[in-house]
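Accompanying notes for the structure given below.
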Amino acid sequence: MSIDADVIVTDRRRRIAATAFVSLLLLSVYWPSPVVSTNLLCCNTPLPVDDLSFLGREAPSWDLAFWWIGGLLLLAILQSGSWSRDDFVEPVRRVRQWRFALRQRDAIFAIAAALFVAVTWRFLDAPVTAFAEAIQSDNVEAWIRIINRLGGGMNPALIVIFFFVAGIVYRHTRWVRYAIAMSLAGAAAGILGQIVKLAVGRTRPELWLGPFHHARASATSFPSGHTLGAFALAGVLLFASRNLPLRVIAVALAFTVGAARVLAFRHWTADVTASACVGLIVAAIVTAAIPAEETS
(Lines give C-alpha, C1' and ligand atoms only; values in the text may rest on other atoms or scores of the structure.)
Protein backbone atom coordinates (compact mmCIF):
# COMPACT_ATOMS: atom_id res chain seq x y z
CA MET A 1 0.00 0.00 0.00
CA SER A 2 1.38 3.45 -0.96
CA ILE A 3 1.99 6.26 1.50
CA ASP A 4 -0.96 8.25 0.12
CA ALA A 5 -3.24 5.24 0.50
CA ASP A 6 -2.06 4.77 4.10
CA VAL A 7 -2.87 8.39 4.85
CA ILE A 8 -6.34 8.07 3.34
CA VAL A 9 -7.09 4.91 5.32
CA THR A 10 -5.81 6.43 8.57
CA ASP A 11 -7.82 9.58 8.00
CA ARG A 12 -10.95 7.52 7.36
CA ARG A 13 -10.40 5.53 10.55
CA ARG A 14 -9.87 8.73 12.50
CA ARG A 15 -13.15 10.15 11.26
CA ILE A 16 -15.00 6.94 12.09
CA ALA A 17 -13.48 6.94 15.58
CA ALA A 18 -14.49 10.59 16.10
CA THR A 19 -18.06 9.83 15.03
CA ALA A 20 -18.20 6.83 17.37
CA PHE A 21 -16.85 8.94 20.24
CA VAL A 22 -19.44 11.67 19.70
CA SER A 23 -22.09 8.94 19.83
CA LEU A 24 -20.58 7.72 23.12
CA LEU A 25 -20.80 11.26 24.55
CA LEU A 26 -24.45 11.51 23.54
CA LEU A 27 -25.08 8.12 25.13
CA SER A 28 -23.51 9.34 28.37
CA VAL A 29 -25.94 12.27 28.43
CA TYR A 30 -28.98 9.99 28.21
CA TRP A 31 -27.68 6.99 30.14
CA PRO A 32 -29.38 4.88 31.48
CA SER A 33 -32.44 5.94 29.50
CA PRO A 34 -31.80 3.38 26.69
CA VAL A 35 -31.77 0.59 29.28
CA VAL A 36 -34.93 1.88 30.94
CA SER A 37 -36.76 2.25 27.61
CA THR A 38 -35.75 -1.22 26.46
CA ASN A 39 -36.94 -2.65 29.76
CA LEU A 40 -40.33 -0.97 29.36
CA LEU A 41 -40.71 -2.40 25.86
CA CYS A 42 -39.89 -6.01 26.61
CA CYS A 43 -39.34 -6.93 30.24
CA ASN A 44 -41.00 -4.58 32.76
CA THR A 45 -38.46 -5.66 35.37
CA PRO A 46 -38.12 -3.44 38.46
CA LEU A 47 -34.96 -1.36 38.08
CA PRO A 48 -33.07 0.83 40.59
CA VAL A 49 -32.75 3.54 37.90
CA ASP A 50 -35.12 5.62 35.77
CA ASP A 51 -34.99 8.25 33.01
CA LEU A 52 -33.90 10.91 35.51
CA SER A 53 -30.92 8.93 36.77
CA PHE A 54 -27.47 10.37 36.10
CA LEU A 55 -24.43 8.39 35.00
CA GLY A 56 -22.15 7.84 37.98
CA ARG A 57 -24.63 9.04 40.59
CA GLU A 58 -27.44 6.61 41.42
CA ALA A 59 -26.50 3.04 40.53
CA PRO A 60 -22.80 2.43 39.78
CA SER A 61 -23.43 -1.23 38.98
CA TRP A 62 -25.68 -0.18 36.09
CA ASP A 63 -23.01 2.19 34.83
CA LEU A 64 -20.73 -0.78 34.13
CA ALA A 65 -22.59 -1.41 30.88
CA PHE A 66 -21.77 2.10 29.69
CA TRP A 67 -18.09 1.78 30.61
CA TRP A 68 -18.04 -1.60 28.88
CA ILE A 69 -19.17 0.14 25.69
CA GLY A 70 -16.57 2.85 26.21
CA GLY A 71 -13.91 0.22 26.78
CA LEU A 72 -14.82 -1.52 23.53
CA LEU A 73 -14.43 1.76 21.66
CA LEU A 74 -11.03 2.32 23.27
CA LEU A 75 -9.89 -1.18 22.31
CA ALA A 76 -11.19 -0.70 18.76
CA ILE A 77 -9.19 2.52 18.42
CA LEU A 78 -6.04 0.90 19.78
CA GLN A 79 -6.44 -2.09 17.44
CA SER A 80 -7.06 0.03 14.34
CA GLY A 81 -3.66 1.72 14.27
CA SER A 82 0.02 1.13 14.85
CA TRP A 83 1.62 2.46 18.01
CA SER A 84 4.14 1.67 20.71
CA ARG A 85 4.59 2.51 24.37
CA ASP A 86 7.05 5.29 23.50
CA ASP A 87 4.37 6.96 21.37
CA PHE A 88 2.40 7.62 24.58
CA VAL A 89 5.41 8.68 26.65
CA GLU A 90 7.14 11.04 24.22
CA PRO A 91 4.37 13.70 24.00
CA VAL A 92 4.30 13.98 27.79
CA ARG A 93 8.08 14.43 27.85
CA ARG A 94 7.79 17.28 25.39
CA VAL A 95 5.69 19.27 27.85
CA ARG A 96 8.96 20.07 29.65
CA GLN A 97 9.86 22.25 26.69
CA TRP A 98 6.72 24.35 27.05
CA ARG A 99 7.29 27.75 28.64
CA PHE A 100 4.36 29.18 30.58
CA ALA A 101 4.17 32.94 31.12
CA LEU A 102 1.53 35.59 31.78
CA ARG A 103 1.68 37.93 28.79
CA GLN A 104 0.75 41.58 28.92
CA ARG A 105 -2.44 41.03 26.94
CA ASP A 106 -3.44 38.23 29.32
CA ALA A 107 -3.03 40.60 32.27
CA ILE A 108 -5.04 43.32 30.52
CA PHE A 109 -7.82 40.86 29.71
CA ALA A 110 -7.79 39.65 33.33
CA ILE A 111 -8.22 43.20 34.67
CA ALA A 112 -11.00 43.97 32.17
CA ALA A 113 -12.67 40.65 33.02
CA ALA A 114 -12.53 41.41 36.76
CA LEU A 115 -14.25 44.76 36.19
CA PHE A 116 -16.90 43.13 33.99
CA VAL A 117 -17.55 40.43 36.59
CA ALA A 118 -17.91 43.09 39.30
CA VAL A 119 -20.49 44.97 37.22
CA THR A 120 -22.31 41.72 36.47
CA TRP A 121 -22.33 40.80 40.18
CA ARG A 122 -23.74 44.20 41.14
CA PHE A 123 -26.33 44.78 38.44
CA LEU A 124 -27.20 41.54 36.62
CA ASP A 125 -27.17 38.67 39.11
CA ALA A 126 -30.54 39.24 40.74
CA PRO A 127 -32.44 40.24 37.55
CA VAL A 128 -31.09 37.31 35.53
CA THR A 129 -31.90 34.84 38.31
CA ALA A 130 -35.41 36.30 38.52
CA PHE A 131 -35.74 35.89 34.74
CA ALA A 132 -34.58 32.28 35.04
CA GLU A 133 -37.28 31.67 37.62
CA ALA A 134 -39.91 33.26 35.38
CA ILE A 135 -39.19 31.04 32.37
CA GLN A 136 -39.06 27.72 34.22
CA SER A 137 -41.03 24.95 32.52
CA ASP A 138 -40.79 21.22 31.96
CA ASN A 139 -39.07 21.74 28.61
CA VAL A 140 -36.53 24.15 30.09
CA GLU A 141 -35.81 21.76 32.96
CA ALA A 142 -35.30 18.88 30.53
CA TRP A 143 -32.85 20.97 28.48
CA ILE A 144 -30.99 22.02 31.63
CA ARG A 145 -30.69 18.42 32.77
CA ILE A 146 -29.18 17.32 29.46
CA ILE A 147 -26.65 20.18 29.29
CA ASN A 148 -25.61 19.73 32.92
CA ARG A 149 -24.92 16.07 32.20
CA LEU A 150 -22.90 16.97 29.11
CA GLY A 151 -20.73 19.44 31.03
CA GLY A 152 -20.23 17.35 34.15
CA GLY A 153 -19.31 13.88 35.30
CA MET A 154 -16.57 12.10 33.36
CA ASN A 155 -17.29 13.77 30.01
CA PRO A 156 -14.43 16.35 30.14
CA ALA A 157 -11.97 13.58 31.02
CA LEU A 158 -13.37 11.38 28.24
CA ILE A 159 -12.79 14.17 25.72
CA VAL A 160 -9.17 14.58 26.79
CA ILE A 161 -8.55 10.81 26.73
CA PHE A 162 -10.06 10.47 23.26
CA PHE A 163 -7.95 13.26 21.75
CA PHE A 164 -4.80 11.82 23.36
CA VAL A 165 -5.30 8.17 22.45
CA ALA A 166 -6.78 8.70 18.97
CA GLY A 167 -4.17 11.34 18.21
CA ILE A 168 -1.36 8.90 18.95
CA VAL A 169 -2.90 5.87 17.28
CA TYR A 170 -3.75 7.78 14.09
CA ARG A 171 -0.58 9.89 14.08
CA HIS A 172 -2.57 13.10 14.37
CA THR A 173 -0.17 15.14 16.50
CA ARG A 174 -2.49 18.13 16.79
CA TRP A 175 -5.00 16.02 18.70
CA VAL A 176 -2.26 14.94 21.10
CA ARG A 177 -1.30 18.57 21.74
CA TYR A 178 -4.96 19.48 22.27
CA ALA A 179 -5.30 16.68 24.83
CA ILE A 180 -2.22 17.69 26.82
CA ALA A 181 -3.13 21.38 26.69
CA MET A 182 -6.72 20.67 27.74
CA SER A 183 -5.61 18.52 30.66
CA LEU A 184 -3.19 21.22 31.87
CA ALA A 185 -5.69 24.04 31.38
CA GLY A 186 -8.49 22.08 33.06
CA ALA A 187 -6.31 21.18 36.05
CA ALA A 188 -4.98 24.72 36.49
CA ALA A 189 -8.43 26.28 36.17
CA GLY A 190 -9.88 23.73 38.60
CA ILE A 191 -7.25 24.39 41.27
CA LEU A 192 -7.64 28.15 40.88
CA GLY A 193 -11.42 27.78 41.07
CA GLN A 194 -11.25 25.85 44.35
CA ILE A 195 -9.00 28.50 45.90
CA VAL A 196 -11.41 31.27 44.87
CA LYS A 197 -14.39 29.27 46.17
CA LEU A 198 -12.82 29.02 49.62
CA ALA A 199 -11.88 32.72 49.58
CA VAL A 200 -15.27 34.08 48.43
CA GLY A 201 -17.75 31.66 50.03
CA ARG A 202 -20.81 32.84 48.12
CA THR A 203 -24.17 31.12 48.55
CA ARG A 204 -25.75 29.41 45.55
CA PRO A 205 -28.95 31.00 44.17
CA GLU A 206 -30.97 27.97 45.26
CA LEU A 207 -30.01 28.72 48.88
CA TRP A 208 -30.14 32.49 48.82
CA LEU A 209 -31.54 34.55 51.71
CA GLY A 210 -31.13 37.81 49.80
CA PRO A 211 -29.76 39.07 46.48
CA PHE A 212 -26.12 39.03 47.64
CA HIS A 213 -25.97 36.90 50.74
CA HIS A 214 -22.71 35.18 51.67
CA ALA A 215 -22.36 31.90 53.53
CA ARG A 216 -19.74 29.41 54.68
CA ALA A 217 -17.34 27.89 52.15
CA SER A 218 -19.21 24.58 52.05
CA ALA A 219 -22.04 26.28 50.14
CA THR A 220 -19.89 28.19 47.68
CA SER A 221 -21.20 29.32 44.31
CA PHE A 222 -18.39 31.54 42.96
CA PRO A 223 -17.00 30.43 40.51
CA SER A 224 -18.74 27.63 38.59
CA GLY A 225 -16.66 24.47 38.32
CA HIS A 226 -18.68 23.13 35.37
CA THR A 227 -18.18 26.39 33.46
CA LEU A 228 -14.50 26.62 34.35
CA GLY A 229 -13.84 23.18 32.90
CA ALA A 230 -15.98 23.79 29.83
CA PHE A 231 -14.22 27.04 28.91
CA ALA A 232 -10.74 25.72 29.74
CA LEU A 233 -11.24 22.86 27.27
CA ALA A 234 -13.09 24.98 24.71
CA GLY A 235 -10.47 27.71 25.02
CA VAL A 236 -7.70 25.32 24.01
CA LEU A 237 -9.58 24.41 20.85
CA LEU A 238 -10.46 28.05 20.24
CA PHE A 239 -6.83 29.21 20.40
CA ALA A 240 -5.06 26.15 18.98
CA SER A 241 -7.35 24.53 16.42
CA ARG A 242 -7.44 25.47 12.75
CA ASN A 243 -10.82 23.82 12.31
CA LEU A 244 -13.43 26.60 12.42
CA PRO A 245 -16.48 24.34 12.95
CA LEU A 246 -14.69 22.62 15.85
CA ARG A 247 -13.88 25.96 17.44
CA VAL A 248 -17.42 27.26 17.05
CA ILE A 249 -18.99 24.09 18.44
CA ALA A 250 -16.60 23.99 21.42
CA VAL A 251 -17.27 27.59 22.43
CA ALA A 252 -21.02 27.27 21.83
CA LEU A 253 -21.20 24.19 24.07
CA ALA A 254 -19.19 25.99 26.77
CA PHE A 255 -21.59 28.96 26.68
CA THR A 256 -24.50 26.51 26.85
CA VAL A 257 -23.05 24.83 29.94
CA GLY A 258 -22.71 28.22 31.64
CA ALA A 259 -26.27 29.22 30.77
CA ALA A 260 -27.60 25.91 32.07
CA ARG A 261 -25.88 26.46 35.43
CA VAL A 262 -27.67 29.80 35.79
CA LEU A 263 -31.05 28.44 34.70
CA ALA A 264 -30.64 25.53 37.13
CA PHE A 265 -30.14 28.03 40.01
CA ARG A 266 -26.78 26.46 40.77
CA HIS A 267 -24.84 29.63 40.00
CA TRP A 268 -25.26 33.37 39.58
CA THR A 269 -24.49 35.09 36.28
CA ALA A 270 -21.29 36.58 37.75
CA ASP A 271 -20.16 33.08 38.74
CA VAL A 272 -20.29 31.72 35.21
CA THR A 273 -18.94 34.98 33.73
CA ALA A 274 -15.88 34.80 35.96
CA SER A 275 -15.48 31.10 35.21
CA ALA A 276 -15.60 31.70 31.45
CA CYS A 277 -12.97 34.44 31.70
CA VAL A 278 -10.65 32.40 33.91
CA GLY A 279 -11.02 29.33 31.71
CA LEU A 280 -10.18 31.32 28.58
CA ILE A 281 -7.20 33.08 30.21
CA VAL A 282 -5.72 29.81 31.43
CA ALA A 283 -6.30 28.20 28.03
CA ALA A 284 -4.60 31.14 26.32
CA ILE A 285 -1.56 30.87 28.60
CA VAL A 286 -1.27 27.11 28.07
CA THR A 287 -1.65 27.21 24.28
CA ALA A 288 0.82 30.10 24.01
CA ALA A 289 3.41 27.92 25.81
CA ILE A 290 3.45 25.36 22.98
CA PRO A 291 6.67 25.79 20.96
CA ALA A 292 6.20 27.22 17.49
CA GLU A 293 7.58 24.11 15.81
CA GLU A 294 4.78 22.03 17.39
CA THR A 295 2.04 24.28 16.02
CA SER A 296 3.18 24.32 12.39
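In the C-alpha coordinates, the first chain shown is A, the next is B, and so on; residue numbers restart at 1 for each chain, and ligands run from 1 in the order shown.
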
Check: Any idea what's packed within 10 Å of range 143-157 of chain A, counting only C-alpha atoms, ignoring anything in its chain fewer than 5 positions away? Could you give it as a PyMOL selection string?
Finding: chain A and resi 24-31+52+54-57+137-138+162+179+182-183+186+225-227+229-230+233+253-254+256-264

Margin query: Set the distance at 7 Å and use only C-alpha atoms: which residues neighbour Val169 in chain A once local chain neighbours fewer than 3 positions away are removed? I'd like the list as a list in words.
Written below: Leu78, Gly81, Ser82, Trp83, Val165 and Ala166 of chain A

Next item on the list: May I ask for the distance between CA of Gly201 in chain A and CA of Val251 in chain A, given in Å to one decimal place?
Entry: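 Distance between the two atoms: 27.9 Å.
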
Next item on the list: Could you tell me which of A:Gln79, A:Ser33, A:Asn139, A:Thr38 comes closest to Asp63 in chain A if we count only C-alpha atoms?
Entry: A:Ser33

Quick one: everything within 10 Å of Ala289 in chain A, counting only C-alpha atoms, minus sequence neighbours fewer than 5 positions away in the same chain. Send it as a PDB file with N, CA and C atoms, in the first residue's frame.
ATOM      1  N   VAL A  95       6.302  18.186  27.073  1.00  0.00           N
ATOM      2  CA  VAL A  95       5.691  19.270  27.846  1.00  0.00           C
ATOM      3  C   VAL A  95       6.761  20.039  28.613  1.00  0.00           C
ATOM      4  N   GLN A  97       9.343  21.182  27.538  1.00  0.00           N
ATOM      5  CA  GLN A  97       9.858  22.252  26.686  1.00  0.00           C
ATOM      6  C   GLN A  97       8.893  23.431  26.595  1.00  0.00           C
ATOM      7  N   TRP A  98       7.690  23.263  27.095  1.00  0.00           N
ATOM      8  CA  TRP A  98       6.724  24.349  27.049  1.00  0.00           C
ATOM      9  C   TRP A  98       7.095  25.394  28.094  1.00  0.00           C
ATOM     10  N   ARG A  99       6.951  26.652  27.749  1.00  0.00           N
ATOM     11  CA  ARG A  99       7.292  27.746  28.644  1.00  0.00           C
ATOM     12  C   ARG A  99       6.038  28.569  28.941  1.00  0.00           C
ATOM     13  N   PHE A 100       5.596  28.504  30.196  1.00  0.00           N
ATOM     14  CA  PHE A 100       4.364  29.176  30.583  1.00  0.00           C
ATOM     15  C   PHE A 100       4.682  30.563  31.145  1.00  0.00           C
ATOM     16  N   ALA A 101       3.942  31.564  30.663  1.00  0.00           N
ATOM     17  CA  ALA A 101       4.166  32.935  31.120  1.00  0.00           C
ATOM     18  C   ALA A 101       2.890  33.744  30.947  1.00  0.00           C
ATOM     19  N   LEU A 102       2.677  34.672  31.867  1.00  0.00           N
ATOM     20  CA  LEU A 102       1.533  35.585  31.776  1.00  0.00           C
ATOM     21  C   LEU A 102       1.933  36.766  30.904  1.00  0.00           C
ATOM     22  N   ALA A 181      -2.795  20.006  26.331  1.00  0.00           N
ATOM     23  CA  ALA A 181      -3.128  21.385  26.693  1.00  0.00           C
ATOM     24  C   ALA A 181      -4.449  21.454  27.462  1.00  0.00           C
ATOM     25  N   ALA A 283      -6.484  28.880  29.313  1.00  0.00           N
ATOM     26  CA  ALA A 283      -6.303  28.197  28.031  1.00  0.00           C
ATOM     27  C   ALA A 283      -5.356  28.982  27.119  1.00  0.00           C
ATOM     28  N   ALA A 284      -5.474  30.306  27.142  1.00  0.00           N
ATOM     29  CA  ALA A 284      -4.600  31.136  26.315  1.00  0.00           C
ATOM     30  C   ALA A 284      -3.148  31.019  26.760  1.00  0.00           C
TER      31      ALA A 284
END

Checklist line | DSSP helix (DSSP H, G or I) residues within range 2-248 of chain A, listed as a ChimeraX atom specification | finding: /A:3-30,33-42,60-79,85-97,104-123,125-134,138-151,155-169,173-200,205-207,217-219,225-240,244-248

Show me a table, sorted first by chain and then by increasing residue number, of the residues of range 88-207 of chain A having an atom at most 8 Å from range 271-280 of chain A, each with its shortest atom pair and the distance in Å to one decimal, counting only C-alpha atoms and written as CSV.
residue,atom,partner,partner_atom,distance
A:Ala110,CA,A:Cys277,CA,7.5
A:Ala113,CA,A:Cys277,CA,6.4
A:Ala114,CA,A:Ala274,CA,7.4
A:Val117,CA,A:Ala274,CA,5.9
A:Ala185,CA,A:Gly279,CA,7.5
A:Gly186,CA,A:Gly279,CA,7.8
A:Ala189,CA,A:Gly279,CA,6.0
A:Gly193,CA,A:Ser275,CA,7.9
